Amino acid sequence: MFDIDKLLNKKVLIVDDQSDNLKVLYNTLKNAGYEISLAKTGQQALNHVFEHQPDLILLDISLPDINGLEICRKLKENEATQQIPIVFISASIDSADVINGFEAGCVDYVRKPFVESEVIVRVRNHLTLKCLHEDLERRVAERTGELARAKHLAEMANQAKTQFLSRMSHEFKTPLNAIMGFSQLQEQQIIDGETDKLLAGREFIIDAGKHLLSLIDDVLDIAHMENKLLKLLLEHVDLNNVIMVAITTLKKQADDASISINYNGTDLNVKANNERLKQVFINLLSNAIKFNSERGLINIEVNTIEGYQVEVSIMDTGVGISPEDKDKIFMPFTRLDYAEKNEIPGVGIGLAKSKYLVEEMKGSIHFESQPEQGCIFFIRLPLV
């Protein structure tokens, strides 16, 4: 239902060379809550319209300088004024004048002497139609913008998937080449009787196999995530243990990059999935190491929020995230330009997977970052 209050203070221009008509129409519409302007000539009317853009015009056909029909045609030819509704007022009883008025572009025709209540109703109806039309255009523009953004995101996602498949092909080949190469080497070593060298090759094969299995698990998880099939069993989880496992897992990677990790421990428990929460922290810590500055720092803090949530913040002193990358940081298959240019390892699914897992654990994840000033990721989870 249309809100009639939207019509209050709408601007109405009355154009008539008769002072009595102007006075009656002014008082009638002013009392109805409209903002009224007056003009006695066609030129005054045109000047006012182009300067002030009224919401509706009451226009006499007979004016001393410019015919009302000509004024109407001029306004309808101009893109800036063609949507303003024009209601003709005239003493003429000739039906040809009415037809000419509608052909010129008016929306209504009121004969003099006019009935005040009739004028109020007609003005209200046409202003209502104008408001509805503007509201519809606004909604169409918003929806068009939403569709354009959705199309852009879909195109980005499609491009990211193509790049992801290309990267995954390379990622799969690396451990497969290791497995094939060391298997062939071991075969030759067996033939040559060099059995003492088999153990070293076996370790390389096992490590490559584990890496390959991890890649396959990631791809399967993404497929399940896209189809909303990845569901988690929630339990009481020792948060300190999960964070320590993640730090221990990545200690060598951090040491190799001369990255220090500060963490003071916690005695809090959260409602989550133990294994999946480890994956989340491993993903975030791995990124904090890979995108950190030389001899950088990672600081992990745990705080309670409003007494029913735990917030874990992971801060690094790295390159940060550019404004243009912020909207796509959690999109699957997406890698930042910095990662591509600097050949940082990864396939672009870690953050998307982490966001999905945290939200499945009834939590949330967000970040704050400025280019060249590092990044802070915040994970919130229900407190037990």
# chains A, B, ... in the order shown; residues from 1 in each chain; ligands from 1
>>> residues_around(residues="region 43-51 of chain A", least_positions_apart="3", cutoff="9 Å", atoms="only C-alpha atoms", output="JSON, numbers by chain")
{"A": [13, 14, 15, 37, 38, 39, 40, 54, 57, 59, 65, 66, 71, 74, 75, 80, 81]}
>>> write_last_selection(atoms="C-alpha atoms", output="CSV table (one decimal), in the first residue's frame")
chain,number,residue,atom,x,y,z
A,13,LEU,CA,4.3,24.6,-10.1
A,14,ILE,CA,1.1,26.5,-11.1
A,15,VAL,CA,1.2,28.4,-14.4
A,37,SER,CA,5.5,27.9,-6.9
A,38,LEU,CA,3.7,30.3,-9.2
A,39,ALA,CA,4.3,31.6,-12.8
A,40,LYS,CA,2.2,33.9,-14.9
A,54,PRO,CA,9.0,20.5,-9.7
A,57,ILE,CA,2.9,21.2,-13.2
A,59,LEU,CA,-0.4,24.5,-16.8
A,65,ASP,CA,3.7,34.7,-24.5
A,66,ILE,CA,4.1,31.0,-25.1
A,71,ILE,CA,5.6,24.5,-23.3
A,74,LYS,CA,9.5,21.5,-25.0
A,75,LEU,CA,9.5,19.8,-21.6
A,80,ALA,CA,15.8,16.2,-17.7
A,81,THR,CA,12.1,17.2,-17.6
>>> residues_around(residues="Gln18 (chain A)", least_positions_apart="6", cutoff="12 Å", atoms="only C-alpha atoms", output="PyMOL selection string")
chain A and resi 24-25+38-41+59-64+89-91+112
>>> write_last_selection(atoms="C-alpha atoms", output="compact mmCIF listing (two decimals), in the first residue's frame")
# COMPACT_ATOMS: atom_id res chain seq x y z
CA VAL A 24 -7.42 29.73 -5.49
CA LEU A 25 -5.11 26.97 -6.68
CA LEU A 38 3.69 30.29 -9.23
CA ALA A 39 4.32 31.56 -12.78
CA LYS A 40 2.24 33.92 -14.92
CA THR A 41 4.03 33.48 -18.27
CA LEU A 59 -0.39 24.46 -16.80
CA ASP A 60 -2.87 26.83 -18.40
CA ILE A 61 -3.06 26.42 -22.18
CA SER A 62 -3.62 30.11 -22.93
CA LEU A 63 -0.68 32.25 -21.81
CA PRO A 64 0.38 35.72 -22.98
CA ILE A 89 -6.12 23.68 -16.91
CA SER A 90 -8.28 25.47 -19.49
CA ALA A 91 -11.64 27.14 -19.93
CA LYS A 112 -12.25 25.87 -15.67
>>> closest_residue(among="A:Gly374, A:Gly363, A:Pro85, A:Gly193", to="Ile314 (chain A)", atoms="only C-alpha atoms")
A:Gly374
>>> atom_distance(atom1="CA of Asp238 (chain A)", atom2="CA of Asn269 (chain A)")
4.8 Å
>>> select_by_dssp(residues="region 76-105 of chain A", states="helix (DSSP H, G or I)", output="PyMOL selection string")
chain A and resi 76-77+95-104
>>> write_last_selection(atoms="N, CA and C atoms", output="PDB file, in the first residue's frame")
ATOM      1  N   LYS A  76       8.680  17.817 -22.673  1.00  0.00           N
ATOM      2  CA  LYS A  76       8.679  16.379 -22.965  1.00  0.00           C
ATOM      3  C   LYS A  76       9.814  15.985 -23.903  1.00  0.00           C
ATOM      4  N   GLU A  77      10.338  16.943 -24.628  1.00  0.00           N
ATOM      5  CA  GLU A  77      11.476  16.664 -25.511  1.00  0.00           C
ATOM      6  C   GLU A  77      12.802  16.651 -24.755  1.00  0.00           C
ATOM      7  N   SER A  95     -13.353  19.761 -27.579  1.00  0.00           N
ATOM      8  CA  SER A  95     -12.708  18.458 -27.363  1.00  0.00           C
ATOM      9  C   SER A  95     -11.374  18.364 -28.109  1.00  0.00           C
ATOM     10  N   ALA A  96     -11.208  19.145 -29.166  1.00  0.00           N
ATOM     11  CA  ALA A  96      -9.948  19.137 -29.914  1.00  0.00           C
ATOM     12  C   ALA A  96      -8.799  19.632 -29.037  1.00  0.00           C
ATOM     13  N   ASP A  97      -9.103  20.600 -28.156  1.00  0.00           N
ATOM     14  CA  ASP A  97      -8.064  21.098 -27.253  1.00  0.00           C
ATOM     15  C   ASP A  97      -7.618  19.999 -26.280  1.00  0.00           C
ATOM     16  N   VAL A  98      -8.595  19.199 -25.825  1.00  0.00           N
ATOM     17  CA  VAL A  98      -8.263  18.093 -24.917  1.00  0.00           C
ATOM     18  C   VAL A  98      -7.353  17.098 -25.635  1.00  0.00           C
ATOM     19  N   ILE A  99      -7.722  16.754 -26.866  1.00  0.00           N
ATOM     20  CA  ILE A  99      -6.918  15.803 -27.647  1.00  0.00           C
ATOM     21  C   ILE A  99      -5.524  16.351 -27.888  1.00  0.00           C
ATOM     22  N   ASN A 100      -5.444  17.637 -28.251  1.00  0.00           N
ATOM     23  CA  ASN A 100      -4.139  18.263 -28.487  1.00  0.00           C
ATOM     24  C   ASN A 100      -3.276  18.236 -27.223  1.00  0.00           C
ATOM     25  N   GLY A 101      -3.938  18.433 -26.086  1.00  0.00           N
ATOM     26  CA  GLY A 101      -3.211  18.410 -24.824  1.00  0.00           C
ATOM     27  C   GLY A 101      -2.582  17.053 -24.544  1.00  0.00           C
ATOM     28  N   PHE A 102      -3.371  16.006 -24.733  1.00  0.00           N
ATOM     29  CA  PHE A 102      -2.823  14.659 -24.501  1.00  0.00           C
ATOM     30  C   PHE A 102      -1.753  14.308 -25.531  1.00  0.00           C
ATOM     31  N   GLU A 103      -1.948  14.748 -26.760  1.00  0.00           N
ATOM     32  CA  GLU A 103      -0.935  14.492 -27.787  1.00  0.00           C
ATOM     33  C   GLU A 103       0.378  15.230 -27.467  1.00  0.00           C
ATOM     34  N   ALA A 104       0.274  16.382 -26.817  1.00  0.00           N
ATOM     35  CA  ALA A 104       1.478  17.144 -26.447  1.00  0.00           C
ATOM     36  C   ALA A 104       2.230  16.476 -25.308  1.00  0.00           C
TER      37      ALA A 104
END
>>> residues_around(residues="Met180 (chain A)", least_positions_apart="4", cutoff="12 Å", atoms="only C-alpha atoms", output="JSON, numbers by chain")
{"A": [173, 174, 175, 176, 184, 185, 186, 187, 201, 202, 204, 205, 206, 208, 209]}
>>> write_last_selection(atoms="N, CA and C atoms", output="PDB file, in the first residue's frame")
ATOM      1  N   LYS A 173      50.801 -33.158 -10.129  1.00  0.00           N
ATOM      2  CA  LYS A 173      51.951 -33.731 -10.840  1.00  0.00           C
ATOM      3  C   LYS A 173      53.206 -33.753  -9.975  1.00  0.00           C
ATOM      4  N   THR A 174      53.342 -32.753  -9.076  1.00  0.00           N
ATOM      5  CA  THR A 174      54.563 -32.684  -8.262  1.00  0.00           C
ATOM      6  C   THR A 174      54.739 -33.927  -7.386  1.00  0.00           C
ATOM      7  N   PRO A 175      53.748 -34.306  -6.553  1.00  0.00           N
ATOM      8  CA  PRO A 175      53.944 -35.534  -5.760  1.00  0.00           C
ATOM      9  C   PRO A 175      53.914 -36.794  -6.618  1.00  0.00           C
ATOM     10  N   LEU A 176      53.117 -36.770  -7.682  1.00  0.00           N
ATOM     11  CA  LEU A 176      53.074 -37.950  -8.562  1.00  0.00           C
ATOM     12  C   LEU A 176      54.437 -38.183  -9.221  1.00  0.00           C
ATOM     13  N   GLN A 184      60.680 -45.799  -9.605  1.00  0.00           N
ATOM     14  CA  GLN A 184      61.547 -46.304 -10.681  1.00  0.00           C
ATOM     15  C   GLN A 184      62.990 -46.437 -10.199  1.00  0.00           C
ATOM     16  N   LEU A 185      63.430 -45.465  -9.364  1.00  0.00           N
ATOM     17  CA  LEU A 185      64.790 -45.533  -8.821  1.00  0.00           C
ATOM     18  C   LEU A 185      64.948 -46.764  -7.920  1.00  0.00           C
ATOM     19  N   GLN A 186      63.902 -47.020  -7.091  1.00  0.00           N
ATOM     20  CA  GLN A 186      63.981 -48.183  -6.205  1.00  0.00           C
ATOM     21  C   GLN A 186      63.979 -49.488  -7.010  1.00  0.00           C
ATOM     22  N   GLU A 187      63.215 -49.489  -8.081  1.00  0.00           N
ATOM     23  CA  GLU A 187      63.192 -50.682  -8.931  1.00  0.00           C
ATOM     24  C   GLU A 187      64.596 -50.965  -9.473  1.00  0.00           C
ATOM     25  N   GLY A 201      64.474 -43.639  -0.152  1.00  0.00           N
ATOM     26  CA  GLY A 201      63.475 -43.429  -1.192  1.00  0.00           C
ATOM     27  C   GLY A 201      62.071 -43.689  -0.695  1.00  0.00           C
ATOM     28  N   ARG A 202      61.954 -44.661   0.201  1.00  0.00           N
ATOM     29  CA  ARG A 202      60.635 -45.004   0.760  1.00  0.00           C
ATOM     30  C   ARG A 202      60.031 -43.802   1.489  1.00  0.00           C
ATOM     31  N   PHE A 204      60.590 -40.589   0.935  1.00  0.00           N
ATOM     32  CA  PHE A 204      60.145 -39.602  -0.050  1.00  0.00           C
ATOM     33  C   PHE A 204      58.803 -40.007  -0.660  1.00  0.00           C
ATOM     34  N   ILE A 205      58.629 -41.292  -0.945  1.00  0.00           N
ATOM     35  CA  ILE A 205      57.382 -41.782  -1.541  1.00  0.00           C
ATOM     36  C   ILE A 205      56.226 -41.595  -0.566  1.00  0.00           C
ATOM     37  N   ILE A 206      56.457 -41.921   0.705  1.00  0.00           N
ATOM     38  CA  ILE A 206      55.407 -41.766   1.706  1.00  0.00           C
ATOM     39  C   ILE A 206      55.004 -40.301   1.853  1.00  0.00           C
ATOM     40  N   ALA A 208      55.332 -37.856  -0.333  1.00  0.00           N
ATOM     41  CA  ALA A 208      54.632 -37.422  -1.552  1.00  0.00           C
ATOM     42  C   ALA A 208      53.218 -37.974  -1.574  1.00  0.00           C
ATOM     43  N   GLY A 209      53.043 -39.223  -1.121  1.00  0.00           N
ATOM     44  CA  GLY A 209      51.709 -39.824  -1.070  1.00  0.00           C
ATOM     45  C   GLY A 209      50.800 -39.093  -0.105  1.00  0.00           C
TER      46      GLY A 209
END
>>> residues_around(residues="region 276-291 of chain A", least_positions_apart="4", cutoff="8 Å", atoms="only C-alpha atoms", output="ChimeraX atom specification")
/A:242-243,245-247,249-250,253-254,257,259,272,298,314-316,318-320,344,350-351,353-354,357-358,377
>>> write_last_selection(atoms="N, CA and C atoms", output="PDB file, in the first residue's frame")
ATOM      1  N   VAL A 242      44.188 -27.654  20.411  1.00  0.00           N
ATOM      2  CA  VAL A 242      44.044 -27.482  18.965  1.00  0.00           C
ATOM      3  C   VAL A 242      45.049 -26.462  18.439  1.00  0.00           C
ATOM      4  N   ILE A 243      45.176 -25.334  19.135  1.00  0.00           N
ATOM      5  CA  ILE A 243      46.109 -24.296  18.688  1.00  0.00           C
ATOM      6  C   ILE A 243      47.546 -24.804  18.764  1.00  0.00           C
ATOM      7  N   VAL A 245      48.627 -27.910  18.525  1.00  0.00           N
ATOM      8  CA  VAL A 245      48.856 -28.875  17.439  1.00  0.00           C
ATOM      9  C   VAL A 245      49.157 -28.125  16.142  1.00  0.00           C
ATOM     10  N   ALA A 246      48.390 -27.058  15.863  1.00  0.00           N
ATOM     11  CA  ALA A 246      48.616 -26.271  14.641  1.00  0.00           C
ATOM     12  C   ALA A 246      49.997 -25.627  14.657  1.00  0.00           C
ATOM     13  N   ILE A 247      50.386 -25.066  15.803  1.00  0.00           N
ATOM     14  CA  ILE A 247      51.706 -24.427  15.905  1.00  0.00           C
ATOM     15  C   ILE A 247      52.818 -25.458  15.714  1.00  0.00           C
ATOM     16  N   THR A 249      52.643 -28.330  14.160  1.00  0.00           N
ATOM     17  CA  THR A 249      52.625 -28.807  12.773  1.00  0.00           C
ATOM     18  C   THR A 249      53.400 -27.872  11.849  1.00  0.00           C
ATOM     19  N   LEU A 250      53.312 -26.574  12.136  1.00  0.00           N
ATOM     20  CA  LEU A 250      53.911 -25.589  11.231  1.00  0.00           C
ATOM     21  C   LEU A 250      55.213 -25.001  11.762  1.00  0.00           C
ATOM     22  N   GLN A 253      58.081 -24.957   9.230  1.00  0.00           N
ATOM     23  CA  GLN A 253      57.830 -23.970   8.173  1.00  0.00           C
ATOM     24  C   GLN A 253      58.113 -22.563   8.694  1.00  0.00           C
ATOM     25  N   ALA A 254      57.701 -22.279   9.942  1.00  0.00           N
ATOM     26  CA  ALA A 254      57.954 -20.961  10.533  1.00  0.00           C
ATOM     27  C   ALA A 254      59.448 -20.749  10.783  1.00  0.00           C
ATOM     28  N   ALA A 257      61.389 -19.915   7.721  1.00  0.00           N
ATOM     29  CA  ALA A 257      61.144 -18.543   7.242  1.00  0.00           C
ATOM     30  C   ALA A 257      61.531 -17.497   8.286  1.00  0.00           C
ATOM     31  N   ILE A 259      60.202 -16.916  11.173  1.00  0.00           N
ATOM     32  CA  ILE A 259      58.982 -16.308  11.695  1.00  0.00           C
ATOM     33  C   ILE A 259      58.787 -16.741  13.142  1.00  0.00           C
ATOM     34  N   ALA A 272      32.885 -27.273  19.039  1.00  0.00           N
ATOM     35  CA  ALA A 272      33.388 -27.286  17.664  1.00  0.00           C
ATOM     36  C   ALA A 272      33.646 -28.730  17.250  1.00  0.00           C
ATOM     37  N   ILE A 298      54.104 -13.579  14.334  1.00  0.00           N
ATOM     38  CA  ILE A 298      52.699 -13.989  14.395  1.00  0.00           C
ATOM     39  C   ILE A 298      52.310 -13.997  15.869  1.00  0.00           C
ATOM     40  N   ILE A 314      44.554 -13.997  15.085  1.00  0.00           N
ATOM     41  CA  ILE A 314      45.865 -14.386  14.556  1.00  0.00           C
ATOM     42  C   ILE A 314      46.397 -13.196  13.762  1.00  0.00           C
ATOM     43  N   MET A 315      47.383 -12.532  14.327  1.00  0.00           N
ATOM     44  CA  MET A 315      47.939 -11.321  13.727  1.00  0.00           C
ATOM     45  C   MET A 315      49.307 -11.610  13.130  1.00  0.00           C
ATOM     46  N   ASP A 316      49.539 -11.089  11.909  1.00  0.00           N
ATOM     47  CA  ASP A 316      50.868 -11.222  11.310  1.00  0.00           C
ATOM     48  C   ASP A 316      51.398  -9.853  10.918  1.00  0.00           C
ATOM     49  N   GLY A 318      52.799  -9.159   7.937  1.00  0.00           N
ATOM     50  CA  GLY A 318      53.120  -9.390   6.534  1.00  0.00           C
ATOM     51  C   GLY A 318      52.670  -8.315   5.583  1.00  0.00           C
ATOM     52  N   VAL A 319      52.409  -8.740   4.344  1.00  0.00           N
ATOM     53  CA  VAL A 319      52.140  -7.805   3.250  1.00  0.00           C
ATOM     54  C   VAL A 319      50.732  -7.228   3.307  1.00  0.00           C
ATOM     55  N   GLY A 320      49.826  -7.842   4.086  1.00  0.00           N
ATOM     56  CA  GLY A 320      48.465  -7.340   4.160  1.00  0.00           C
ATOM     57  C   GLY A 320      47.648  -7.693   2.927  1.00  0.00           C
ATOM     58  N   ILE A 344      53.979 -17.992  -4.412  1.00  0.00           N
ATOM     59  CA  ILE A 344      53.755 -18.566  -3.088  1.00  0.00           C
ATOM     60  C   ILE A 344      52.905 -19.815  -3.250  1.00  0.00           C
ATOM     61  N   GLY A 350      42.041 -22.623   0.882  1.00  0.00           N
ATOM     62  CA  GLY A 350      42.198 -22.694   2.334  1.00  0.00           C
ATOM     63  C   GLY A 350      41.260 -21.777   3.090  1.00  0.00           C
ATOM     64  N   LEU A 351      41.175 -20.497   2.693  1.00  0.00           N
ATOM     65  CA  LEU A 351      40.330 -19.553   3.415  1.00  0.00           C
ATOM     66  C   LEU A 351      38.848 -19.829   3.177  1.00  0.00           C
ATOM     67  N   LYS A 353      37.534 -22.734   2.603  1.00  0.00           N
ATOM     68  CA  LYS A 353      37.253 -23.923   3.405  1.00  0.00           C
ATOM     69  C   LYS A 353      37.173 -23.562   4.886  1.00  0.00           C
ATOM     70  N   SER A 354      38.077 -22.709   5.359  1.00  0.00           N
ATOM     71  CA  SER A 354      38.068 -22.300   6.766  1.00  0.00           C
ATOM     72  C   SER A 354      36.775 -21.572   7.121  1.00  0.00           C
ATOM     73  N   LEU A 357      33.931 -24.099   7.351  1.00  0.00           N
ATOM     74  CA  LEU A 357      34.036 -24.945   8.537  1.00  0.00           C
ATOM     75  C   LEU A 357      33.665 -24.177   9.804  1.00  0.00           C
ATOM     76  N   VAL A 358      34.158 -22.939   9.927  1.00  0.00           N
ATOM     77  CA  VAL A 358      33.848 -22.136  11.119  1.00  0.00           C
ATOM     78  C   VAL A 358      32.347 -21.872  11.207  1.00  0.00           C
ATOM     79  N   PHE A 377      43.236 -12.032  11.504  1.00  0.00           N
ATOM     80  CA  PHE A 377      42.044 -12.847  11.317  1.00  0.00           C
ATOM     81  C   PHE A 377      41.428 -13.136  12.683  1.00  0.00           C
TER      82      PHE A 377
END
>>> closest_residue(among="A:Gly145, A:Glu359, A:Asp217, A:Arg295", to="Asp256 (chain A)", atoms="only C-alpha atoms")
A:Arg295
>>> atom_distance(atom1="CA of Asp94 (chain A)", atom2="CA of Glu70 (chain A)")
18.0 Å
>>> residues_around(residues="Leu8 (chain A)", least_positions_apart="2", cutoff="7 Å", atoms="only C-alpha atoms", output="list of chain:residue names")
A:Asp5, A:Lys6, A:Lys10, A:Gly33, A:Tyr34
>>> write_last_selection(atoms="C-alpha atoms", output="PDB file, in the first residue's frame")
ATOM      1  CA  ASP A   5       2.870  10.851   3.649  1.00  0.00           C
ATOM      2  CA  LYS A   6       5.422  10.542   0.838  1.00  0.00           C
ATOM      3  CA  LYS A  10       6.073  17.672  -3.063  1.00  0.00           C
ATOM      4  CA  GLY A  33       0.532  20.022   2.186  1.00  0.00           C
ATOM      5  CA  TYR A  34       2.330  20.755  -1.094  1.00  0.00           C
TER       6      TYR A  34
END
>>> residues_around(residues="Ile36 (chain A)", least_positions_apart="3", cutoff="7 Å", atoms="only C-alpha atoms", output="MDAnalysis selection string")
chainID A and resid 11:13 26 30
>>> write_last_selection(atoms="C-alpha atoms", output="PDB file, in the first residue's frame")
ATOM      1  CA  LYS A  11       6.768  20.640  -5.356  1.00  0.00           C
ATOM      2  CA  VAL A  12       3.894  21.807  -7.558  1.00  0.00           C
ATOM      3  CA  LEU A  13       4.255  24.612 -10.138  1.00  0.00           C
ATOM      4  CA  TYR A  26      -2.302  28.174  -4.385  1.00  0.00           C
ATOM      5  CA  LYS A  30      -0.891  24.693  -0.032  1.00  0.00           C
TER       6      LYS A  30
END
>>> residues_around(residues="Ile321 (chain A)", least_positions_apart="4", cutoff="9 Å", atoms="only C-alpha atoms", output="number ranges by chain")
A: 325-326, 329, 336, 368-375
>>> write_last_selection(atoms="C-alpha atoms", output="PDB file, in the first residue's frame")
ATOM      1  CA  ASP A 325      41.181  -8.202  -2.899  1.00  0.00           C
ATOM      2  CA  LYS A 326      39.080  -7.935   0.256  1.00  0.00           C
ATOM      3  CA  ILE A 329      39.404 -13.291  -0.037  1.00  0.00           C
ATOM      4  CA  LEU A 336      45.732 -13.052  -4.615  1.00  0.00           C
ATOM      5  CA  GLU A 368      41.175  -6.556   9.261  1.00  0.00           C
ATOM      6  CA  SER A 369      44.062  -5.536   7.050  1.00  0.00           C
ATOM      7  CA  GLN A 370      45.887  -2.705   5.369  1.00  0.00           C
ATOM      8  CA  PRO A 371      48.437  -3.132   2.549  1.00  0.00           C
ATOM      9  CA  GLU A 372      51.977  -3.542   3.889  1.00  0.00           C
ATOM     10  CA  GLN A 373      50.684  -3.436   7.489  1.00  0.00           C
ATOM     11  CA  GLY A 374      49.886  -7.066   8.100  1.00  0.00           C
ATOM     12  CA  CYS A 375      46.604  -8.778   8.735  1.00  0.00           C
TER      13      CYS A 375
END
